[in-house]
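Source file: structure13.cif; contents: mmCIF, C-alpha atoms.
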```cif
data_protein
loop_
_atom_site.label_atom_id
_atom_site.label_comp_id
_atom_site.auth_asym_id
_atom_site.auth_seq_id
_atom_site.Cartn_x
_atom_site.Cartn_y
_atom_site.Cartn_z
CA MET O 1 0.00 0.00 0.00
CA ALA O 2 1.48 3.34 -1.04
CA THR O 3 2.15 5.93 1.64
CA ILE O 4 1.07 9.45 0.76
CA VAL O 5 2.33 12.32 2.90
CA LYS O 6 0.48 15.61 2.56
CA LEU O 7 2.87 18.58 2.57
CA SER O 8 2.85 22.21 1.48
CA HIS O 9 5.18 25.15 0.94
CA SER O 10 4.35 26.53 4.40
CA ILE O 11 5.28 23.28 6.13
CA LEU O 12 8.47 22.66 4.16
CA SER O 13 9.66 26.27 4.38
CA ALA O 14 9.14 26.30 8.15
CA TRP O 15 11.16 23.07 8.37
CA ALA O 16 13.88 24.44 6.09
CA ASN O 17 14.11 27.55 8.30
CA ARG O 18 14.53 25.32 11.38
CA GLN O 19 11.11 26.23 12.73
CA TYR O 20 10.55 22.55 13.43
CA GLU O 21 7.80 22.88 16.00
CA GLN O 22 5.82 25.16 13.72
CA ALA O 23 6.33 22.82 10.75
CA ILE O 24 5.12 19.75 12.65
CA GLY O 25 2.22 21.71 14.13
CA MET O 26 1.09 22.77 10.66
CA TYR O 27 1.49 19.19 9.38
CA LEU O 28 -0.70 17.91 12.20
CA GLY O 29 -3.29 20.59 11.48
CA GLN O 30 -2.82 22.46 14.73
CA PRO O 31 -3.98 26.07 14.38
CA LEU O 32 -1.25 28.71 14.65
CA PRO O 33 -1.71 31.24 17.46
CA ALA O 34 -3.55 34.12 15.79
CA THR O 35 -1.95 37.55 15.93
CA PRO O 36 -3.74 40.83 15.11
CA GLN O 37 -1.59 41.08 11.98
CA MET O 38 -2.63 37.60 10.84
CA GLU O 39 -6.29 38.38 11.48
CA LEU O 40 -6.02 41.60 9.50
CA GLY O 41 -4.26 39.77 6.68
CA LYS O 42 -6.98 37.13 6.59
CA LEU O 43 -9.73 39.79 6.45
CA LEU O 44 -7.96 41.65 3.65
CA HIS O 45 -7.48 38.45 1.64
CA GLU O 46 -11.18 37.66 1.91
CA LYS O 47 -12.10 41.21 0.93
CA TRP O 48 -9.77 41.13 -2.08
CA ALA O 49 -11.01 37.72 -3.26
CA ASN O 50 -14.61 38.95 -3.15
CA TYR O 51 -13.70 42.15 -5.00
CA ILE O 52 -11.94 40.17 -7.73
CA ILE O 53 -14.89 37.81 -8.15
CA GLN O 54 -17.30 40.74 -8.42
CA THR O 55 -15.26 43.05 -10.67
CA GLY O 56 -12.67 40.93 -12.49
CA LYS O 57 -10.00 43.46 -11.45
CA LEU O 58 -7.35 43.74 -8.79
CA PRO O 59 -8.42 46.01 -5.93
CA ARG O 60 -6.91 49.48 -5.60
CA GLU O 61 -4.80 48.37 -2.62
CA LEU O 62 -2.98 45.92 -4.90
CA GLY O 63 -2.53 48.06 -7.97
CA LEU O 64 -5.94 48.15 -9.65
CA CYS O 65 -5.23 46.33 -12.89
CA LYS O 66 -7.52 44.36 -15.19
CA LEU O 67 -7.36 40.61 -15.15
CA THR O 68 -8.02 38.15 -17.98
CA ASP O 69 -9.47 35.04 -16.39
CA PRO O 70 -9.19 35.45 -12.61
CA VAL O 71 -9.59 32.42 -10.37
CA PRO O 72 -9.03 33.27 -6.69
CA GLU O 73 -8.03 30.74 -4.07
CA GLN O 74 -8.41 27.49 -5.95
CA LYS O 75 -6.73 24.45 -4.43
CA PHE O 76 -4.20 22.53 -6.51
CA GLU O 77 -2.30 19.37 -5.67
CA LYS O 78 0.31 17.14 -7.23
CA LEU O 79 1.62 13.70 -6.32
CA LEU O 80 5.43 13.51 -6.24
CA PRO O 81 7.03 10.04 -6.04
CA LEU O 82 9.88 9.56 -3.55
CA GLY O 83 10.40 5.88 -4.28
CA ASP O 84 9.57 2.70 -2.31
CA ASP O 85 5.81 3.33 -2.47
CA LEU O 86 6.24 6.72 -0.79
CA TYR O 87 4.69 9.86 -2.24
CA ILE O 88 4.44 13.49 -1.30
CA LEU O 89 1.05 15.05 -1.98
CA LEU O 90 2.01 18.66 -2.59
CA ARG O 91 -0.83 21.09 -2.07
CA GLY O 92 -1.11 24.80 -2.77
CA VAL O 93 -3.81 27.44 -2.82
CA PRO O 94 -2.61 30.50 -4.76
CA ASP O 95 -4.32 33.79 -3.96
CA LEU O 96 -5.10 34.38 -7.61
CA LEU O 97 -4.55 32.46 -10.83
CA ASP O 98 -5.03 34.46 -14.02
CA GLY O 99 -4.21 32.40 -17.10
CA ASN O 100 -0.48 31.73 -17.02
CA VAL O 101 0.11 34.37 -14.34
CA ILE O 102 -0.06 33.82 -10.61
CA HIS O 103 -0.49 36.48 -7.93
CA GLU O 104 0.36 36.19 -4.25
CA PHE O 105 -1.05 38.89 -2.00
CA LYS O 106 0.83 40.06 1.06
CA ALA O 107 -0.59 42.36 3.72
CA SER O 108 2.49 43.34 5.70
CA MET O 109 5.25 45.89 6.13
CA ARG O 110 7.68 43.70 4.18
CA ASN O 111 8.79 44.44 0.62
CA PRO O 112 8.50 42.26 -2.49
CA SER O 113 12.30 41.82 -2.34
CA ASP O 114 11.80 39.83 0.86
CA PHE O 115 9.45 37.42 -0.92
CA VAL O 116 11.15 36.81 -4.29
CA SER O 117 13.91 34.93 -2.50
CA SER O 118 11.34 32.50 -1.07
CA MET O 119 10.23 29.30 -2.75
CA GLN O 120 6.53 30.12 -2.85
CA LEU O 121 6.18 31.01 -6.54
CA PRO O 122 8.58 28.25 -7.69
CA TYR O 123 6.35 25.78 -5.78
CA TYR O 124 3.38 27.02 -7.79
CA LYS O 125 5.40 26.60 -10.98
CA LEU O 126 5.88 22.95 -10.03
CA LEU O 127 2.17 22.57 -9.31
CA LEU O 128 1.12 24.44 -12.45
CA PRO O 129 3.77 24.00 -15.16
CA HIS O 130 1.98 26.32 -17.61
CA LEU O 131 2.75 29.36 -15.42
CA THR O 132 5.22 31.87 -16.90
CA THR O 133 5.04 34.78 -14.46
CA GLY O 134 4.37 35.38 -10.78
CA TYR O 135 3.66 38.56 -8.87
CA TYR O 136 4.01 39.41 -5.21
CA ARG O 137 1.44 42.14 -4.62
CA CYS O 138 2.36 43.71 -1.29
CA TYR O 139 0.04 46.03 0.57
CA ASN O 140 1.19 47.85 3.68
CA PRO O 141 -2.02 48.31 5.69
CA TYR O 142 -0.39 50.85 8.00
CA THR O 143 0.92 53.31 5.40
CA LYS O 144 -1.74 52.37 2.81
CA THR O 145 0.90 51.91 0.11
CA HIS O 146 1.54 49.02 -2.25
CA SER O 147 4.53 47.63 -4.11
CA THR O 148 4.97 44.83 -6.63
CA GLY O 149 7.58 42.17 -7.27
CA LEU O 150 7.75 40.20 -10.49
CA GLN O 151 9.33 36.76 -10.79
CA PHE O 152 9.66 34.97 -14.12
CA LEU O 153 8.87 31.28 -13.74
CA GLY O 154 10.76 28.89 -15.99
CA GLU O 155 12.00 25.31 -15.81
CA ALA O 156 14.85 26.34 -13.51
CA GLU O 157 12.38 27.56 -10.87
CA ALA O 158 10.39 24.31 -11.04
CA GLU O 159 13.59 22.29 -10.64
CA THR O 160 14.69 24.41 -7.67
CA ALA O 161 11.31 23.85 -6.03
CA LEU O 162 11.50 20.09 -6.64
CA GLU O 163 14.99 19.98 -5.12
CA HIS O 164 13.73 21.92 -2.08
CA ILE O 165 10.80 19.53 -1.64
CA LEU O 166 12.91 16.40 -1.99
CA THR O 167 15.58 17.66 0.41
CA PHE O 168 13.32 18.87 3.20
CA GLY O 169 10.46 16.52 2.44
CA THR O 170 12.59 13.44 3.10
CA GLU O 171 13.95 15.05 6.28
CA ILE O 172 10.55 15.82 7.70
CA ILE O 173 9.18 12.40 6.69
CA ASP O 174 12.06 10.68 8.50
CA TYR O 175 11.30 12.74 11.61
CA LEU O 176 7.59 11.92 11.40
CA LYS O 177 8.31 8.22 11.04
CA VAL O 178 10.70 8.09 14.01
CA ASN O 179 8.27 9.99 16.19
CA LYS O 180 5.25 7.97 15.00
CA LEU O 181 3.53 11.08 13.72
CA LEU O 182 3.30 10.09 10.06
CA ILE O 183 -0.25 10.16 8.68
CA ASN O 184 -0.82 8.15 5.53
CA TYR O 185 -3.17 10.36 3.59
CA ASN O 186 -4.05 7.27 1.63
CA LYS O 187 -5.77 5.68 4.64
CA GLY O 188 -5.85 8.53 7.15
CA GLU O 189 -4.21 6.47 9.94
CA TYR O 190 -0.79 6.31 11.55
CA VAL O 191 1.87 4.21 9.85
CA ALA O 192 4.47 2.36 11.98
CA PRO O 193 7.91 2.79 10.41
CA GLN O 194 9.51 -0.53 9.33
CA SER O 195 13.01 0.57 10.35
CA GLN O 196 11.94 0.74 14.00
CA THR O 197 10.73 -2.86 13.87
CA THR O 198 14.12 -3.93 12.50
CA ASP O 199 15.95 -2.18 15.41
CA ILE O 200 13.76 -3.88 18.03
CA ALA O 201 14.49 -7.31 16.40
CA LYS O 202 18.26 -6.69 16.88
CA MET G 1 3.37 53.86 -34.21
CA ALA G 2 6.90 55.15 -33.53
CA LYS G 3 9.59 52.51 -33.89
CA ALA G 4 12.08 52.04 -31.06
CA LYS G 5 15.28 53.95 -31.73
CA GLU G 6 18.15 51.73 -32.86
CA PRO G 7 20.88 51.57 -30.21
CA THR G 8 23.96 53.61 -31.22
CA ASN G 9 26.23 53.17 -28.19
CA ILE G 10 28.72 50.51 -29.14
CA VAL G 11 31.58 49.73 -26.81
CA THR G 12 34.27 47.44 -28.20
CA VAL G 13 37.16 46.45 -26.01
CA ALA G 14 39.93 44.14 -27.17
CA ALA G 15 43.24 44.37 -25.36
CA GLU G 16 46.07 41.89 -25.21
CA VAL G 17 49.25 42.81 -23.32
CA ASP G 18 52.00 40.37 -22.49
CA LEU G 19 53.01 41.93 -19.21
CA GLY G 20 55.30 39.05 -18.34
CA GLY G 21 57.05 39.36 -21.66
CA VAL G 22 57.60 43.12 -21.23
CA LEU G 23 59.07 42.73 -17.79
CA LYS G 24 61.34 39.94 -18.97
CA ALA G 25 62.47 42.01 -21.93
CA ILE G 26 63.37 44.86 -19.57
CA ALA G 27 65.39 42.51 -17.42
CA ASP G 28 67.14 40.97 -20.45
CA SER G 29 67.91 44.21 -22.32
CA LYS G 30 71.53 45.10 -22.73
CA THR G 31 71.82 47.67 -25.55
CA LEU G 32 70.11 51.00 -26.13
CA ASP G 33 68.43 49.62 -29.25
CA ASP G 34 66.77 46.95 -27.08
CA ASN G 35 65.57 49.69 -24.73
CA ASP G 36 63.93 51.66 -27.53
CA ALA G 37 61.60 48.74 -28.27
CA ILE G 38 60.96 48.21 -24.57
CA PHE G 39 60.11 51.83 -23.93
CA ARG G 40 57.80 51.74 -26.92
CA GLY G 41 56.19 48.64 -25.42
CA LEU G 42 55.73 50.38 -22.05
CA SER G 43 54.11 53.33 -23.82
CA SER G 44 51.70 51.00 -25.57
CA ILE G 45 50.64 49.61 -22.17
CA VAL G 46 49.78 53.11 -21.01
CA GLU G 47 47.87 53.64 -24.25
CA VAL G 48 45.87 50.42 -23.68
CA LYS G 49 45.13 51.55 -20.13
CA ALA G 50 43.86 54.87 -21.45
CA GLN G 51 41.54 53.06 -23.88
CA LEU G 52 40.26 50.77 -21.13
CA ASP G 53 39.62 53.78 -18.89
CA LYS G 54 37.67 55.37 -21.74
CA ALA G 55 35.67 52.16 -22.24
CA ALA G 56 34.99 51.91 -18.50
CA PHE G 57 33.71 55.48 -18.49
CA ALA G 58 31.45 54.73 -21.47
CA LEU G 59 30.20 51.58 -19.74
CA ARG G 60 29.34 53.52 -16.59
CA ASP G 61 27.37 55.96 -18.68
CA LEU G 62 25.70 53.09 -20.56
CA GLU G 63 24.85 51.36 -17.27
CA ALA G 64 23.08 54.52 -16.06
CA GLN G 65 21.11 54.68 -19.33
CA VAL G 66 20.20 50.97 -19.09
CA LYS G 67 18.98 51.41 -15.51
CA THR G 68 16.79 54.33 -16.56
CA ALA G 69 15.40 52.28 -19.47
CA ILE G 70 14.72 49.31 -17.18
CA ASN G 71 12.97 51.55 -14.67
CA ASP G 72 10.78 53.15 -17.35
CA LYS G 73 9.88 49.81 -18.93
CA ALA G 74 9.16 48.18 -15.57
CA LYS G 75 6.86 51.07 -14.60
CA GLU G 76 5.03 50.60 -17.90
CA LEU G 77 4.73 46.80 -17.76
CA VAL G 78 4.69 45.94 -14.05
CA GLY G 79 3.35 49.16 -12.53
CA LYS G 80 4.65 52.35 -11.00
CA ASP G 81 4.98 50.54 -7.69
CA TRP G 82 7.43 47.90 -8.99
CA GLN G 83 10.13 47.03 -6.53
CA VAL G 84 11.86 43.86 -7.75
CA ILE G 85 12.10 41.77 -10.94
CA GLN G 86 13.75 38.38 -10.78
CA GLY G 87 14.53 35.85 -13.46
CA ALA G 88 17.01 33.02 -14.02
CA GLY G 89 20.44 34.44 -13.25
CA TYR G 90 19.48 38.01 -12.40
CA LYS G 91 17.60 40.20 -9.95
CA ILE G 92 16.79 43.87 -10.45
CA SER G 93 15.91 45.79 -7.30
CA ARG G 94 14.61 49.28 -6.90
CA SER G 95 15.33 51.04 -3.64
CA TRP G 96 15.18 54.53 -2.28
CA ALA G 97 18.02 56.45 -0.74
CA GLY G 98 17.39 58.79 2.12
CA SER G 99 15.25 58.53 5.22
CA LYS G 100 12.05 56.48 4.98
CA TYR G 101 10.13 58.94 7.09
CA ASP G 102 10.09 62.72 7.34
CA TYR G 103 9.33 64.57 10.57
CA ASP G 104 8.13 67.83 12.00
CA GLU G 105 10.49 68.79 14.83
CA GLU G 106 7.81 70.97 16.42
CA VAL G 107 5.51 67.97 16.91
CA ALA G 108 7.37 64.63 16.77
CA ASP G 109 8.37 63.03 20.08
CA GLU G 110 12.17 62.86 20.51
CA LYS G 111 12.05 59.10 21.08
CA TYR G 112 11.10 58.64 17.43
CA LEU G 113 14.17 60.58 16.25
CA HIS G 114 17.87 59.71 15.90
CA LEU G 115 20.57 61.79 17.60
CA LYS G 116 21.53 62.69 14.06
CA ILE G 117 18.17 64.39 13.91
CA SER G 118 16.56 62.12 11.37
CA ALA G 119 13.52 59.86 11.62
CA ASN G 120 14.18 56.56 13.46
CA SER G 121 12.71 54.03 11.04
CA GLU G 122 12.92 51.05 13.40
CA VAL G 123 11.11 52.73 16.30
CA ILE G 124 8.51 54.21 13.96
CA ASP G 125 7.93 50.83 12.29
CA GLU G 126 7.27 49.30 15.72
CA TYR G 127 4.82 52.10 16.59
CA VAL G 128 3.03 51.68 13.28
CA LYS G 129 2.80 47.93 13.83
CA ASP G 130 1.36 48.39 17.31
CA ASN G 131 -0.93 51.34 16.60
CA GLY G 132 -1.86 51.03 12.93
CA LYS G 133 -0.86 54.61 12.14
CA LEU G 134 2.14 56.92 11.99
CA PRO G 135 3.11 58.82 15.15
CA ASP G 136 2.25 62.53 15.36
CA GLY G 137 4.73 64.69 13.44
CA ILE G 138 5.94 61.76 11.32
CA GLU G 139 5.05 61.31 7.68
CA LEU G 140 6.34 59.28 4.74
CA ASN G 141 9.22 61.06 3.03
CA PRO G 142 8.02 61.99 -0.47
CA ASN G 143 11.51 63.06 -1.57
CA ARG G 144 13.43 59.79 -1.54
CA SER G 145 15.62 59.34 -4.59
CA GLU G 146 15.45 55.96 -6.26
CA GLN G 147 18.28 53.60 -7.11
CA ILE G 148 18.38 50.63 -9.41
CA ARG G 149 20.65 47.70 -8.61
CA ILE G 150 21.28 44.81 -10.97
CA THR G 151 22.69 41.58 -9.58
CA VAL G 152 23.98 38.89 -11.87
CA LYS G 153 24.10 35.40 -10.43
CA GLY G 154 26.65 32.83 -11.58
#
```
Represent the supplied structure as structure tokens.
Amino acid sequence: MATIVKLSHSILSAWANRQYEQAIGMYLGQPLPATPQMELGKLLHEKWANYIIQTGKLPRELGLCKLTDPVPEQKFEKLLPLGDDLYILLRGVPDLLDGNVIHEFKASMRNPSDFVSSMQLPYYKLLLPHLTTGYYRCYNPYTKTHSTGLQFLGEAEAETALEHILTFGTEIIDYLKVNKLLINYNKGEYVAPQSQTTDIAK
Amino acid sequence: MAKAKEPTNIVTVAAEVDLGGVLKAIADSKTLDDNDAIFRGLSSIVEVKAQLDKAAFALRDLEAQVKTAINDKAKELVGKDWQVIQGAGYKISRSWAGSKYDYDEEVADEKYLHLKISANSEVIDEYVKDNGKLPDGIELNPNRSEQIRITVKG
């Protein structure tokens, strides 16, 4: 029976940044402690998604530009084989998909430069190979200003994302197995790691 | 529709100088006739350096023109608020020199200001984060000059 481990950019990036507790918490579906900034961000995201659905345009806070075929917050997933009947089910929910362009909205004081070095858009390129361009649309809710970062998405970005997933995905899976926290998405139950059985036999 | 102007700035640099050979020739020279050729060789090195300096100057000027062109095109295609463009092997960042905030010394609390008498961005950022607005006497600086930086990745 194949083992399918459900992972995402948020989980793997937290793990890669040594925020292990946060990564495992997210994997296990534990809610993150809500901060006022997170609550505000969530409200703004909902407001923007509704505006886009109603008008077909980006809201003023994000640059007010026309869109071609906007699809906000649709879930995408992809099965990545790791070998030995083990798969990663990579999931992502981009803020906005518009043809071959993807938009990620950020409500924070940080700049687009801070985000282009992350793996978020390359992960989407892996999930959606037809993408060619990604935008970080950053809105500072305190100064009411916005700024934009553009990242071209080619094969190199997809390969970088895959490498990131394989590197940190195998690490986190090993940890989950050893600590009996692995959930097989295939069956929705805990899976006892075989290696542990071998050690006990010795 | 107006056609884009053809580029006219062409910088060609081709320089080959056998520095090792020149220094060896100086060491090996024995007659005045030998020295004439060597001195001529040394002069040619200075001439090559002058040409390279000229090319470097032209390149600096060209770089400034390219950055302006990139900025204009990015504003047109990405938006006036563009801040970074990244692709395979390069990253173009736009930043602003000068203080992020401006202040009114009659109104702003001293704790929000540097000893250098300029706005303390870190303290103001914290206040904004906690209070959702700028402190009294503090405003965004509308006069920041912009810079373009191009990074090429190996």
* Compute the chain G side of the contact with chain O at 6 Å, counting all atoms listed in the file, and hand it back as a PyMOL selection string. => chain G and resi 81-87+132-133
* Just say which residues the PyMOL selection byres ((chain O and resi 21-34) around 8) picks in this file, as number ranges by chain. => O: 6-7, 10-15, 19-20, 35-36, 38-39
* If you apply the PyMOL selection byres ((chain O and resi 41-55) around 10) to this file, what residues do you get, as number ranges by chain? -> O: 35-40, 56-62, 66-67, 70-73, 95-96, 105-108, 139, 141
How would the residues just picked look written out with C-alpha atoms as a PDB file, in the frame of the given file?
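Wrote it out as out-v9.pdb, contents follow:
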```
ATOM      1  CA  THR O  35      -1.950  37.550  15.930  1.00  0.00           C
ATOM      2  CA  PRO O  36      -3.740  40.830  15.110  1.00  0.00           C
ATOM      3  CA  GLN O  37      -1.590  41.080  11.980  1.00  0.00           C
ATOM      4  CA  MET O  38      -2.630  37.600  10.840  1.00  0.00           C
ATOM      5  CA  GLU O  39      -6.290  38.380  11.480  1.00  0.00           C
ATOM      6  CA  LEU O  40      -6.020  41.600   9.500  1.00  0.00           C
ATOM      7  CA  GLY O  56     -12.670  40.930 -12.490  1.00  0.00           C
ATOM      8  CA  LYS O  57     -10.000  43.460 -11.450  1.00  0.00           C
ATOM      9  CA  LEU O  58      -7.350  43.740  -8.790  1.00  0.00           C
ATOM     10  CA  PRO O  59      -8.420  46.010  -5.930  1.00  0.00           C
ATOM     11  CA  ARG O  60      -6.910  49.480  -5.600  1.00  0.00           C
ATOM     12  CA  GLU O  61      -4.800  48.370  -2.620  1.00  0.00           C
ATOM     13  CA  LEU O  62      -2.980  45.920  -4.900  1.00  0.00           C
ATOM     14  CA  LYS O  66      -7.520  44.360 -15.190  1.00  0.00           C
ATOM     15  CA  LEU O  67      -7.360  40.610 -15.150  1.00  0.00           C
ATOM     16  CA  PRO O  70      -9.190  35.450 -12.610  1.00  0.00           C
ATOM     17  CA  VAL O  71      -9.590  32.420 -10.370  1.00  0.00           C
ATOM     18  CA  PRO O  72      -9.030  33.270  -6.690  1.00  0.00           C
ATOM     19  CA  GLU O  73      -8.030  30.740  -4.070  1.00  0.00           C
ATOM     20  CA  ASP O  95      -4.320  33.790  -3.960  1.00  0.00           C
ATOM     21  CA  LEU O  96      -5.100  34.380  -7.610  1.00  0.00           C
ATOM     22  CA  PHE O 105      -1.050  38.890  -2.000  1.00  0.00           C
ATOM     23  CA  LYS O 106       0.830  40.060   1.060  1.00  0.00           C
ATOM     24  CA  ALA O 107      -0.590  42.360   3.720  1.00  0.00           C
ATOM     25  CA  SER O 108       2.490  43.340   5.700  1.00  0.00           C
ATOM     26  CA  TYR O 139       0.040  46.030   0.570  1.00  0.00           C
ATOM     27  CA  PRO O 141      -2.020  48.310   5.690  1.00  0.00           C
TER      28      PRO O 141
END
```
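With all atoms listed in the file taken into account, the protein and nucleic acid residues at most 12 Å from Leu23 (chain G) (excluding it and anything under 2 positions from it in its own chain) are Val17, Asp18, Leu19, Gly20, Gly21, Ala25, Ile26, Ala27, Asp28, Ser29, Asn35, Ile38, Phe39, Gly41, Leu42 and Ile45 of chain G.
Relative to CA of His164 (chain O), CA of Arg18 (chain O) is found at 13.9 Å.
Picture a line from CA of Lys91 (chain G) to CA of Glu63 (chain G); it runs 15.2 Å.
Contact shell of Ser99 (chain G) at 10 Å (all atoms listed in the file; same-chain neighbours under 5 positions omitted): Ser118, Ala119, Asn120, Ser121, Leu140, Asn141, Pro142, Asn143, Arg144 and Ser145 of chain G.
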Box for region 161-172 of chain O: with edges along x, y and z, all listed atoms inside and 4 Å added on each side, what are the centre and edge lengths in Å to one decimal, as lines of an AutoDock Vina configuration file?
```
center_x = 13.0
center_y = 18.6
center_z = 0.5
size_x = 13.1
size_y = 18.4
size_z = 22.3
```
* Near-Tyr112 (chain G) list (12 Å; all atoms listed in the file; drop same-chain fewer than 5 positions) as a list in words -> Tyr101, Asp102, Tyr103, Asp104, Glu105, Val107, Ile117, Ser118, Ala119, Asn120, Ser121, Glu122, Val123, Ile124, Asp125, Glu126, Tyr127, Val128, Leu134, Pro135, Asp136, Gly137, Ile138 and Glu139 of chain G
